[in-house]
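These notes are about the structure you will find just below.
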Amino acid sequence: MTIIDYNLDDLERISEKILNHISYRKIIFKGDLGAGKTTLIKALVKKLGSDELVSSPTFSLVNEYELEKSKIFHFDFYRIENEEEAYDIGFEDYIDTEAWVFIEWPEKIPNLLDFDHHCIHISFNEKLERILELK
């Protein structure tokens with residue numbers, strides 16, 4: 001496990017450090033509402049080489065970003081009621097690709113996380129900086 005304290009000015013450095021420490025292209029993001037999950041994903045998408053506008057897929061459930069030789073699928077399951085909704089959009093088909101997959105609110109789909117992935121948990125310290133735990 002890697003623990004990193006950071007603030008928003010450090011996002012470029014933090015995203016590079018994350019990408020240098022991972023071995024899977026599937027990453028789940030945990031943290032309270034407003035913890036900075038989407039903001040960190042924006043920095044990771046940019047660091048991976050996409051110049052596309054990154055936004056939270058809260059209503060569409062998934063956004064797709066193009067890379068030169070791959071894709072990034074960004075899921076946000078905050079508003080789903082049950083795992084069936086993830087099945088309805090073909091979640092398992094996205095997982096079975098070589099693409100990058102970033103998942104916000106994985107707590108909503110616990111039975112669908114049976115693939116190799118990293119977990120990033122974001123919280124706040126006493127200085128109101130973010131604490132990132134990478135597992």
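Please note that chains go A, B, ... in the order of the structure tokens, that every chain numbers its residues from 1, and that ligands are numbered from 1 in the order shown.
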*Pick out the residues sitting within 8 Å of Glu104 of chain A, and hand them over as a ChimeraX atom specification; count only C-alpha atoms, and ignore anything fewer than 2 positions along from it in its own chain.*
/A:28-30,37-38,74-78,102,106
*Among segment 48-85 of chain A, which residues carry a DSSP assignment of strand (DSSP E or B), reported as a PyMOL selection string?*
chain A and resi 62-66+71-76
Would you output that residue set with N, CA and C atoms, as a PDB file, in the first residue's frame?
ATOM      1  N   VAL A  62     -21.146   5.967 -18.001  1.00  0.00           N
ATOM      2  CA  VAL A  62     -19.805   5.705 -18.530  1.00  0.00           C
ATOM      3  C   VAL A  62     -19.453   6.754 -19.574  1.00  0.00           C
ATOM      4  N   ASN A  63     -18.228   7.249 -19.507  1.00  0.00           N
ATOM      5  CA  ASN A  63     -17.662   8.113 -20.542  1.00  0.00           C
ATOM      6  C   ASN A  63     -16.476   7.381 -21.152  1.00  0.00           C
ATOM      7  N   GLU A  64     -16.249   7.639 -22.416  1.00  0.00           N
ATOM      8  CA  GLU A  64     -15.145   7.005 -23.131  1.00  0.00           C
ATOM      9  C   GLU A  64     -14.191   8.082 -23.619  1.00  0.00           C
ATOM     10  N   TYR A  65     -12.895   7.873 -23.401  1.00  0.00           N
ATOM     11  CA  TYR A  65     -11.864   8.796 -23.848  1.00  0.00           C
ATOM     12  C   TYR A  65     -10.892   8.039 -24.732  1.00  0.00           C
ATOM     13  N   GLU A  66     -10.512   8.650 -25.833  1.00  0.00           N
ATOM     14  CA  GLU A  66      -9.602   8.021 -26.798  1.00  0.00           C
ATOM     15  C   GLU A  66      -8.149   8.321 -26.442  1.00  0.00           C
ATOM     16  N   LYS A  71      -8.093   3.005 -25.155  1.00  0.00           N
ATOM     17  CA  LYS A  71      -9.223   3.809 -24.692  1.00  0.00           C
ATOM     18  C   LYS A  71      -9.235   3.821 -23.176  1.00  0.00           C
ATOM     19  N   ILE A  72     -10.001   4.763 -22.655  1.00  0.00           N
ATOM     20  CA  ILE A  72     -10.255   4.820 -21.221  1.00  0.00           C
ATOM     21  C   ILE A  72     -11.769   4.818 -21.059  1.00  0.00           C
ATOM     22  N   PHE A  73     -12.269   3.926 -20.201  1.00  0.00           N
ATOM     23  CA  PHE A  73     -13.673   3.921 -19.838  1.00  0.00           C
ATOM     24  C   PHE A  73     -13.772   4.390 -18.397  1.00  0.00           C
ATOM     25  N   HIS A  74     -14.561   5.435 -18.181  1.00  0.00           N
ATOM     26  CA  HIS A  74     -14.706   6.068 -16.874  1.00  0.00           C
ATOM     27  C   HIS A  74     -16.150   5.878 -16.405  1.00  0.00           C
ATOM     28  N   PHE A  75     -16.325   5.082 -15.364  1.00  0.00           N
ATOM     29  CA  PHE A  75     -17.648   4.785 -14.819  1.00  0.00           C
ATOM     30  C   PHE A  75     -17.908   5.576 -13.550  1.00  0.00           C
ATOM     31  N   ASP A  76     -19.148   5.965 -13.349  1.00  0.00           N
ATOM     32  CA  ASP A  76     -19.588   6.579 -12.100  1.00  0.00           C
ATOM     33  C   ASP A  76     -20.916   5.914 -11.737  1.00  0.00           C
TER      34      ASP A  76
END
*Within 12 Å of His117 of chain A, counting only C-alpha atoms, which residues qualify if same-chain residues fewer than 5 places away don't, as JSON, numbers by chain?*
{"A": [22, 23, 24, 25, 26, 27, 28, 29, 95, 100, 101, 102, 103, 106, 112, 134, 135]}
_Selected residue, from A:Leu113, A:Leu33, A:Ile80, A:Ile131, that lies nearest to Asp10 of chain A when counting only C-alpha atoms_ = A:Ile131
_Give me, as a PyMOL selection string, all polymer residues having an atom no more than 8 Å from Asn82 of chain A, counting only C-alpha atoms and skipping those fewer than 4 positions away in the same chain._
chain A and resi 86+108-109
Those same residues - C-alpha atoms - I'd like them written as a PDB file, in the first residue's frame.
ATOM      1  CA  ALA A  86     -24.353  -2.067 -14.516  1.00  0.00           C
ATOM      2  CA  LYS A 108     -22.488   0.002  -5.613  1.00  0.00           C
ATOM      3  CA  ILE A 109     -21.256  -3.060  -7.581  1.00  0.00           C
TER       4      ILE A 109
END
*asked:* Let me make sure I understand: among A:Leu44, A:Val54, A:Leu67, A:Cys119, which one has the smallest atom-to-atom distance to Asn20 of chain A if we use only C-alpha atoms?
replied: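 Using only C-alpha atoms, the shortest distance to Asn20 of chain A belongs to A:Leu44.
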*If you run DSSP on the backbone, which residues of segment 37-79 of chain A are helix (DSSP H, G or I), as a list in words?*
Lys37, Thr38, Thr39, Leu40, Ile41, Lys42, Ala43, Leu44, Val45, Lys46 and Lys47 of chain A
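Comparing A:Asp32, A:Glu68, A:Ser15, A:Ser60 by their smallest distance to Lys47 of chain A, the closest is A:Ser15 (using only C-alpha atoms).
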_atom CA of Phe124 of chain A to atom CA of Arg13 of chain A, distance in Å rounded to a single decimal_ = 18.3 Å
Give me the residues near Arg79 of chain A as a PDB file with N, CA, C and O atoms, in the first residue's frame, where near means some atom within 9 Å (using only C-alpha atoms) and where sequence neighbours in that chain fewer than 6 positions away do not count.
ATOM      1  N   THR A  58     -21.948  10.766 -14.202  1.00  0.00           N
ATOM      2  CA  THR A  58     -22.984  10.445 -13.229  1.00  0.00           C
ATOM      3  C   THR A  58     -24.292  10.037 -13.892  1.00  0.00           C
ATOM      4  O   THR A  58     -24.949   9.098 -13.452  1.00  0.00           O
ATOM      5  N   PHE A  59     -24.682  10.711 -14.953  1.00  0.00           N
ATOM      6  CA  PHE A  59     -25.971  10.399 -15.575  1.00  0.00           C
ATOM      7  C   PHE A  59     -25.841   9.410 -16.727  1.00  0.00           C
ATOM      8  O   PHE A  59     -26.718   8.585 -16.941  1.00  0.00           O
ATOM      9  N   LEU A  61     -23.466   7.127 -16.863  1.00  0.00           N
ATOM     10  CA  LEU A  61     -22.807   6.006 -16.194  1.00  0.00           C
ATOM     11  C   LEU A  61     -21.416   5.700 -16.721  1.00  0.00           C
ATOM     12  O   LEU A  61     -20.568   5.223 -15.972  1.00  0.00           O
ATOM     13  N   LYS A 108     -21.163   0.305  -5.071  1.00  0.00           N
ATOM     14  CA  LYS A 108     -22.488   0.002  -5.613  1.00  0.00           C
ATOM     15  C   LYS A 108     -22.506  -1.306  -6.414  1.00  0.00           C
ATOM     16  O   LYS A 108     -23.575  -1.815  -6.726  1.00  0.00           O
TER      17      LYS A 108
END
*What is the atom CA of Pro110 of chain A-atom CA of Glu52 of chain A distance in Å, reported with one decimal?*
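Atom CA of Glu52 of chain A lies at a distance of 29.4 Å from atom CA of Pro110 of chain A.
As for atom CA of Gly90 of chain A and atom CA of Ile122 of chain A, they are spaced 27.3 Å apart.
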*Nearest to Ile41 of chain A, chosen from A:Glu84, A:Ile120, A:Ala99, A:Ile3, with only C-alpha atoms counted in the distances*: A:Ile120
